[in-house]
$ cat structure-v9.cif   # mmCIF, C-alpha atoms
data_model
#
loop_
_atom_site.label_atom_id
_atom_site.label_comp_id
_atom_site.auth_asym_id
_atom_site.auth_seq_id
_atom_site.Cartn_x
_atom_site.Cartn_y
_atom_site.Cartn_z
CA MET P 1 163.35 150.33 216.59
CA ALA P 2 166.40 148.51 215.29
CA THR P 3 164.54 145.22 215.00
CA ASP P 4 161.97 146.85 212.75
CA ASP P 5 164.62 147.89 210.26
CA ALA P 6 164.65 144.64 208.34
CA ARG P 7 160.87 144.54 208.04
CA LEU P 8 160.55 148.15 206.91
CA LYS P 9 163.34 147.97 204.40
CA PRO P 10 161.80 148.17 200.93
CA SER P 11 162.25 145.12 198.77
CA ARG P 12 164.71 145.61 195.96
CA SER P 13 165.73 144.26 192.60
CA MET P 14 168.22 141.44 192.38
CA ASP P 15 171.02 143.60 191.04
CA THR P 16 170.97 146.11 193.89
CA ASP P 17 174.18 146.54 195.78
CA ALA P 18 173.19 145.03 199.11
CA THR P 19 175.82 146.92 201.07
CA LEU P 20 174.15 150.24 200.33
CA GLY P 21 170.87 151.50 201.64
CA HIS P 22 170.07 152.93 198.22
CA HIS P 23 170.99 152.04 194.70
CA ILE P 24 173.55 154.11 192.84
CA VAL P 25 173.14 153.63 189.11
CA PRO P 26 176.47 153.65 187.22
CA THR P 27 176.70 156.74 184.99
CA ARG P 28 177.46 154.45 182.03
CA ILE P 29 173.80 153.35 182.13
CA TYR P 30 172.62 156.96 182.02
CA TYR P 31 174.77 157.66 178.95
CA ILE P 32 173.51 154.52 177.16
CA ILE P 33 169.86 155.43 177.86
CA PHE P 34 170.55 158.98 176.66
CA GLY P 35 172.01 157.59 173.41
CA VAL P 36 169.01 155.32 172.83
CA LEU P 37 166.59 158.20 173.51
CA MET P 38 168.38 160.43 170.98
CA LEU P 39 168.41 157.62 168.40
CA CYS P 40 164.67 157.06 168.92
CA THR P 41 164.03 160.79 168.44
CA TYR P 42 165.92 160.67 165.15
CA LEU P 43 163.99 157.56 164.06
CA THR P 44 160.57 158.93 164.91
CA VAL P 45 161.28 162.14 162.92
CA GLN P 46 162.54 160.15 159.91
CA ILE P 47 159.58 157.75 159.93
CA ALA P 48 157.14 160.69 160.03
CA PHE P 49 158.22 161.80 156.54
CA PHE P 50 157.05 158.55 154.93
CA ASP P 51 153.38 157.98 154.29
CA LEU P 52 152.64 154.68 156.01
CA GLY P 53 148.92 155.25 156.55
CA PRO P 54 147.77 154.27 160.04
CA LEU P 55 151.23 152.86 160.74
CA ASN P 56 152.55 156.44 161.10
CA THR P 57 150.53 156.95 164.26
CA ILE P 58 151.33 153.48 165.59
CA ALA P 59 155.07 154.05 165.05
CA ALA P 60 154.98 157.56 166.58
CA VAL P 61 153.07 156.48 169.68
CA GLY P 62 155.02 153.19 169.94
CA ILE P 63 158.38 154.97 169.93
CA ALA P 64 157.08 157.58 172.42
CA VAL P 65 155.92 154.82 174.78
CA PHE P 66 159.30 153.09 174.46
CA LYS P 67 161.16 156.34 175.22
CA ALA P 68 158.90 157.12 178.19
CA THR P 69 159.44 153.59 179.55
CA LEU P 70 163.23 154.04 179.43
CA VAL P 71 162.97 157.38 181.24
CA VAL P 72 160.71 155.90 183.94
CA LEU P 73 162.79 152.74 184.47
CA PHE P 74 166.29 154.26 184.45
CA PHE P 75 166.26 158.05 184.87
CA MET P 76 163.42 157.84 187.39
CA HIS P 77 164.91 154.72 189.00
CA VAL P 78 161.69 152.70 189.02
CA ARG P 79 163.70 149.65 187.98
CA TYR P 80 165.54 149.94 191.28
CA SER P 81 162.67 151.05 193.50
CA SER P 82 160.33 149.22 195.87
CA LYS P 83 157.35 147.13 194.76
CA LEU P 84 155.02 149.69 196.32
CA THR P 85 156.42 152.51 194.17
CA THR P 86 156.24 150.28 191.09
CA ALA P 87 152.60 149.53 191.89
CA VAL P 88 151.80 153.26 192.04
CA VAL P 89 153.52 153.82 188.68
CA ILE P 90 151.64 150.96 187.03
CA GLY P 91 148.46 152.25 188.69
CA SER P 92 148.85 155.62 186.97
CA ILE P 93 149.17 153.92 183.57
CA PHE P 94 146.18 151.71 184.35
CA TRP P 95 143.96 154.67 185.27
CA LEU P 96 145.09 156.57 182.18
CA ALA P 97 144.17 153.50 180.10
CA ILE P 98 140.68 153.50 181.64
CA LEU P 99 140.30 157.18 180.74
CA LEU P 100 141.40 156.65 177.14
CA ALA P 101 139.78 153.27 176.45
CA LEU P 102 136.33 153.87 177.93
CA THR P 103 136.04 157.37 176.45
CA MET P 104 137.05 156.18 172.99
CA ALA P 105 134.76 153.16 173.27
CA ASP P 106 131.96 155.70 173.54
CA TYR P 107 133.11 158.24 170.93
CA LEU P 108 134.02 155.69 168.27
CA THR P 109 130.79 153.73 168.47
CA ARG P 110 128.18 156.51 168.28
CA ILE P 111 127.17 158.91 165.57
CA TRP P 112 128.37 162.11 167.21
CA ARG P 113 129.49 163.87 164.08
CA THR P 114 126.37 165.87 163.49
CA TYR P 115 128.00 169.28 163.04
CA GLY P 116 131.10 170.74 161.45
CA MET N 1 174.93 155.16 203.49
CA PRO N 2 174.92 152.02 205.66
CA ASP N 3 171.85 152.28 207.81
CA THR N 4 173.58 150.35 210.60
CA ALA N 5 174.67 153.78 211.79
CA GLY N 6 171.15 154.20 213.07
CA HIS N 7 171.77 151.70 215.87
CA ALA N 8 174.22 153.86 217.74
CA ALA N 9 172.98 157.38 217.12
CA ALA N 10 170.29 158.52 214.68
CA PRO N 11 171.80 160.13 211.55
CA ALA N 12 171.43 163.90 211.50
CA ALA N 13 169.27 163.80 208.36
CA LEU N 14 166.77 161.35 209.86
CA ALA N 15 163.44 162.87 210.89
CA HIS N 16 162.17 161.51 214.21
CA HIS N 17 159.03 159.93 212.75
CA PHE N 18 161.04 157.59 210.49
CA ASP N 19 162.87 154.48 211.63
CA SER N 20 165.66 154.60 209.08
CA LEU N 21 167.07 156.72 206.28
CA ASP N 22 165.92 154.03 203.88
CA GLN N 23 162.34 154.30 205.06
CA GLN N 24 162.55 158.09 204.92
CA ARG N 25 163.80 158.03 201.32
CA GLU N 26 161.18 155.47 200.37
CA ALA N 27 158.41 157.67 201.79
CA ALA N 28 159.66 160.73 199.88
CA THR N 29 159.85 158.85 196.58
CA LEU N 30 156.46 157.24 197.05
CA GLY N 31 154.87 160.58 197.93
CA MET N 32 156.32 162.20 194.82
CA TRP N 33 155.03 159.38 192.64
CA VAL N 34 151.54 159.74 194.08
CA PHE N 35 151.67 163.42 193.06
CA LEU N 36 152.93 162.42 189.61
CA VAL N 37 149.92 160.09 189.21
CA THR N 38 147.67 163.15 189.50
CA GLU N 39 149.86 164.87 186.90
CA VAL N 40 149.58 161.89 184.54
CA LEU N 41 145.79 162.13 184.72
CA PHE N 42 145.85 165.94 184.45
CA PHE N 43 147.75 165.79 181.15
CA GLY N 44 145.86 162.57 180.29
CA GLY N 45 142.62 164.56 180.06
CA LEU N 46 144.21 166.86 177.47
CA PHE N 47 145.57 163.93 175.47
CA MET N 48 142.06 162.50 175.61
CA VAL N 49 140.57 165.66 174.05
CA TYR N 50 143.31 165.63 171.43
CA THR N 51 142.55 161.99 170.54
CA VAL N 52 138.82 162.61 170.12
CA TYR N 53 139.21 165.69 167.90
CA ARG N 54 142.00 164.16 165.88
CA ALA N 55 139.81 161.10 165.25
CA TRP N 56 137.00 163.41 164.13
CA TYR N 57 138.99 165.83 161.97
CA PRO N 58 142.13 164.00 160.76
CA GLU N 59 142.63 166.12 157.61
CA ALA N 60 142.35 169.48 159.39
CA PHE N 61 144.66 168.26 162.17
CA ALA N 62 147.27 167.04 159.67
CA ALA N 63 147.12 170.33 157.75
CA ALA N 64 147.44 172.39 160.95
CA SER N 65 150.26 170.20 162.29
CA HIS N 66 152.12 170.78 159.03
CA GLU N 67 152.43 174.47 159.98
CA LEU N 68 154.54 173.70 163.06
CA ASP N 69 158.31 173.96 162.77
CA VAL N 70 159.60 170.38 162.92
CA VAL N 71 163.26 171.48 163.11
CA LEU N 72 162.70 173.63 166.20
CA GLY N 73 160.51 170.88 167.67
CA THR N 74 163.22 168.26 167.15
CA VAL N 75 165.95 170.51 168.56
CA ASN N 76 163.80 171.16 171.62
CA THR N 77 163.22 167.42 172.09
CA ALA N 78 166.99 166.88 172.04
CA VAL N 79 167.50 169.78 174.49
CA LEU N 80 164.97 168.30 176.92
CA ILE N 81 166.38 164.76 176.71
CA THR N 82 169.85 166.19 177.38
CA SER N 83 168.46 168.05 180.40
CA SER N 84 167.09 164.73 181.69
CA LEU N 85 170.58 163.27 181.39
CA THR N 86 172.16 166.16 183.33
CA MET N 87 169.38 165.78 185.94
CA ALA N 88 170.10 162.05 186.33
CA LEU N 89 173.80 162.88 186.68
CA ALA N 90 172.96 165.52 189.30
CA VAL N 91 171.21 162.85 191.40
CA HIS N 92 174.26 160.61 190.95
CA ALA N 93 176.58 163.40 192.12
CA ALA N 94 174.34 164.02 195.16
CA GLN N 95 174.43 160.32 196.08
CA LEU N 96 178.23 160.43 196.04
CA ASP N 97 178.33 163.67 198.10
CA ARG N 98 180.10 165.54 195.29
CA ARG N 99 178.74 169.01 195.94
CA LYS N 100 180.50 170.95 193.18
CA LEU N 101 179.57 168.35 190.56
CA LEU N 102 175.97 168.39 191.80
CA MET N 103 175.84 172.17 191.45
CA THR N 104 177.35 171.98 187.95
CA PHE N 105 174.75 169.48 186.76
CA LEU N 106 171.89 171.41 188.37
CA LEU N 107 173.10 174.55 186.61
CA LEU N 108 173.34 172.71 183.27
CA THR N 109 169.81 171.38 183.76
CA ILE N 110 168.55 174.91 184.43
CA LEU N 111 170.36 176.29 181.36
CA LEU N 112 168.92 173.56 179.12
CA GLY N 113 165.46 174.25 180.55
CA VAL N 114 165.85 177.96 179.77
CA THR N 115 167.06 177.07 176.25
CA PHE N 116 163.93 174.99 175.73
CA LEU N 117 161.70 177.88 176.81
CA GLY N 118 163.64 180.29 174.60
CA ILE N 119 163.10 178.13 171.51
CA LYS N 120 159.46 177.66 172.49
CA SER N 121 158.91 181.41 172.69
CA VAL N 122 160.44 181.84 169.21
CA GLU N 123 157.89 179.29 167.97
CA TYR N 124 155.04 181.08 169.73
CA TYR N 125 156.17 184.37 168.16
CA HIS N 126 156.04 182.78 164.68
CA LYS N 127 152.52 181.58 165.36
CA PHE N 128 151.40 185.10 166.25
CA VAL N 129 153.00 186.52 163.10
CA GLU N 130 151.38 183.80 160.95
CA HIS N 131 147.91 184.39 162.49
CA HIS N 132 147.77 180.83 163.81
CA VAL N 133 146.69 181.88 167.28
CA PRO N 134 143.02 180.91 167.83
CA GLY N 135 140.69 183.89 168.07
CA PRO N 136 139.28 186.60 165.80
CA GLY N 137 142.62 187.05 163.97
CA PHE N 138 142.98 183.38 163.10
CA GLN N 139 143.74 182.67 159.44
CA PHE N 140 143.99 179.30 157.72
CA GLU N 141 143.02 177.51 154.49
CA LYS N 142 139.26 178.05 154.33
CA GLU N 143 138.46 174.35 154.07
CA TYR N 144 140.11 173.53 157.40
CA ALA N 145 139.97 176.90 159.18
CA ARG N 146 137.44 175.93 161.81
CA HIS N 147 139.01 172.66 162.88
CA ALA N 148 142.57 173.88 162.47
CA GLN N 149 141.64 176.35 165.19
CA LEU N 150 140.83 173.40 167.44
CA PHE N 151 144.29 171.97 166.75
CA PHE N 152 146.01 175.26 167.55
CA SER N 153 143.91 175.69 170.71
CA LEU N 154 145.13 172.30 171.87
CA TYR N 155 148.66 173.14 170.76
CA PHE N 156 148.75 176.30 172.87
CA ILE N 157 147.03 174.78 175.90
CA MET N 158 149.16 171.63 175.94
CA THR N 159 152.53 173.22 175.17
CA GLY N 160 151.60 176.19 177.38
CA LEU N 161 150.86 173.99 180.39
CA HIS N 162 154.02 172.03 179.62
CA ALA N 163 156.00 175.28 179.54
CA LEU N 164 154.43 176.30 182.86
CA HIS N 165 155.68 173.00 184.31
CA MET N 166 159.13 173.78 182.90
CA ILE N 167 159.11 177.22 184.57
CA ILE N 168 158.12 175.63 187.90
CA GLY N 169 160.81 172.97 187.34
CA ILE N 170 163.47 175.62 186.78
CA GLY N 171 162.31 177.35 189.98
CA ILE N 172 162.67 174.06 191.88
CA MET N 173 166.15 173.52 190.42
CA LEU N 174 167.23 177.03 191.51
CA TRP N 175 165.97 176.17 194.99
CA MET N 176 167.94 172.90 194.91
CA LEU N 177 171.03 174.78 193.69
CA ARG N 178 170.76 177.02 196.75
CA TRP N 179 170.39 173.99 199.04
CA ALA N 180 173.36 172.31 197.40
CA TYR N 181 175.40 175.50 197.81
CA ARG N 182 174.48 175.77 201.48
CA GLY N 183 175.38 172.14 202.09
CA VAL N 184 171.85 170.99 202.93
CA ILE N 185 172.16 168.18 200.39
CA THR N 186 174.34 165.29 201.53
CA ALA N 187 174.73 161.64 200.58
CA GLU N 188 172.47 160.86 203.55
CA TYR N 189 169.89 163.44 202.53
CA TYR N 190 169.68 163.62 198.75
CA SER N 191 165.90 162.95 198.51
CA PRO N 192 165.18 166.59 197.58
CA ILE N 193 167.35 166.17 194.47
CA GLU N 194 165.90 162.74 193.72
CA ILE N 195 162.25 163.84 193.86
CA SER N 196 162.90 167.15 192.06
CA GLY N 197 164.49 164.96 189.41
CA LEU N 198 161.36 162.80 189.25
CA TYR N 199 159.35 165.94 188.50
CA TRP N 200 161.84 167.07 185.85
CA HIS N 201 161.82 163.68 184.11
CA PHE N 202 158.01 163.61 184.20
CA VAL N 203 157.89 166.94 182.36
CA ASP N 204 160.32 165.45 179.83
CA ILE N 205 157.98 162.47 179.32
CA VAL N 206 155.03 164.79 178.64
CA TRP N 207 157.09 166.39 175.86
CA ILE N 208 158.10 162.96 174.52
CA PHE N 209 154.39 162.45 173.76
CA LEU N 210 153.56 166.03 172.75
CA PHE N 211 156.32 166.19 170.14
CA PRO N 212 155.18 163.37 167.79
CA LEU N 213 151.46 164.03 168.37
CA LEU N 214 151.65 167.75 167.60
CA TYR N 215 154.64 168.16 165.27
CA LEU N 216 154.94 164.92 163.35
CA LEU N 217 151.41 163.88 162.46
CA GLY N 218 151.22 166.11 159.38
CA ARG N 219 154.74 165.57 158.01
CA HIS N 220 153.99 163.26 155.09
CA GLY N 221 151.70 164.49 152.33
CA HIS N 222 150.55 168.11 152.03
#
$ encode --input "structure-v9.cif" --output "structure tokens"
Amino acid sequence: MATDDARLKPSRSMDTDATLGHHIVPTRIYYIIFGVLMLCTYLTVQIAFFDLGPLNTIAAVGIAVFKATLVVLFFMHVRYSSKLTTAVVIGSIFWLAILLALTMADYLTRIWRTYG
Amino acid sequence: MPDTAGHAAAPAALAHHFDSLDQQREAATLGMWVFLVTEVLFFGGLFMVYTVYRAWYPEAFAAASHELDVVLGTVNTAVLITSSLTMALAVHAAQLDRRKLLMTFLLLTILLGVTFLGIKSVEYYHKFVEHHVPGPGFQFEKEYARHAQLFFSLYFIMTGLHALHMIIGIGIMLWMLRWAYRGVITAEYYSPIEISGLYWHFVDIVWIFLFPLLYLLGRHGH
């Protein structure tokens, strides 16, 4: 059993404290991420009051994606987790992209708008 | 915890079907993420519907979005982000075996979650008073009435399902608070806090997308 330990140990990021079995993120990082998230919230609200045409949507979704990425990487520890977990996370985004892209490819290229 | 302890005697928190605490933690985290993938696609379907209808009826959606209270929406976003911070700090306290601190942060997370739901119910109340709830009593500018109803249907379904997730999350946090109080959670066995935290942060992420898409799209103009 003991000999299997090394093989079964999940691979980790370079900056992981090797003496610990799990990574403890310094609280300073949590506070910084919190600050950035709050700043982004302020920015996205401010930007929404200017008429930038299609850029409004791009900015709103772009900032939301950035905020979500920070939450996933730091609050949800994906930055410090195994490659397998990271693959599952990326897989979820990939499948969501299939859902959105293929559906919109259909809706945006046909004349559906026959009522309303 | 150094997993070298496993050589002499198995740690108390280690289930017999795992080789090490590391492997046990890894399995718990991976399992939670697999569940969260199903949640991503569950909410993804709703975002898909939103995208299609917004692409079809941009003017009606902007006009309907303009009726939402952006101040309450922004405050709620801040409340939820703060609750994610207290959740992350709760996991940190659990990792360091600081039981009282863990309980404090869990309690703060619960209180912020309840605050979010309180503000949300005030918003829902306003929508009922203003006749913006889809159904026979729905009232809106005649030009957009029909499609504004689509927007408000999506608003109530999406924020309603999000609120349901919040209620479940608060229930989980109360459960974790009880476990922390009883000493079930230790530095060796903090996975319950870690994966409850993953759920909590996921619900926060859903709101991070809901907020700009529902509240902010109609801010300029009108």
$ resolve_selection --input "structure-v9.cif" --expression "the PyMOL selection byres ((chain N and resi 14) around 12)" --output "PyMOL selection string"
chain N and resi 3+5-6+9-13+15-25+186+188-191
$ closest_atom_pairs --input "structure-v9.cif" --of "chain P" --to "chain N" --cutoff "6 Å" --atoms "all atoms listed in the file" --output "Markdown table"
| residue | atom | partner | partner_atom | distance |
| --- | --- | --- | --- | --- |
| P:Leu20 | CA | N:Pro2 | CA | 5.7 |
| P:Gly21 | CA | N:Pro2 | CA | 5.7 |
| P:Ala48 | CA | N:Arg219 | CA | 5.8 |
| P:Phe49 | CA | N:His220 | CA | 4.7 |
| P:Phe50 | CA | N:His220 | CA | 5.6 |
| P:Asp51 | CA | N:His220 | CA | 5.4 |
| P:Ala60 | CA | N:Pro212 | CA | 5.9 |
| P:Ala64 | CA | N:Phe209 | CA | 5.7 |
| P:Ala68 | CA | N:Ile205 | CA | 5.5 |
| P:Phe75 | CA | N:Ala88 | CA | 5.7 |
| P:Met76 | CA | N:Leu198 | CA | 5.7 |
| P:Thr85 | CA | N:Leu30 | CA | 5.5 |
| P:Ser92 | CA | N:Val37 | CA | 5.1 |
$ closest_residue --input "structure-v9.cif" --among "P:Lys83, P:Arg110, P:Lys67, P:His77" --to "His23 (chain P)" --atoms "all atoms listed in the file"
P:His77
$ atom_distance --input "structure-v9.cif" --atom1 "CA of Leu70 (chain P)" --atom2 "CA of Val45 (chain P)"
18.5 Å
$ atom_distance --input "structure-v9.cif" --atom1 "CA of Arg79 (chain P)" --atom2 "CA of Val25 (chain P)"
10.3 Å
$ atom_distance --input "structure-v9.cif" --atom1 "CA of Leu100 (chain P)" --atom2 "CA of Gly53 (chain P)"
22.0 Å
$ resolve_selection --input "structure-v9.cif" --expression "the PyMOL selection byres ((chain N and resi 134) around 12)" --output "list in words"
Ala64, Lys127, Phe128, Glu130, His131, His132, Val133, Gly135, Pro136, Gly137, Phe138, Gln139, Phe140, Ala145, Arg146, His147, Ala148, Gln149, Leu150, Phe151, Phe152, Ser153, Leu154, Tyr155, Phe156 and Ile157 of chain N
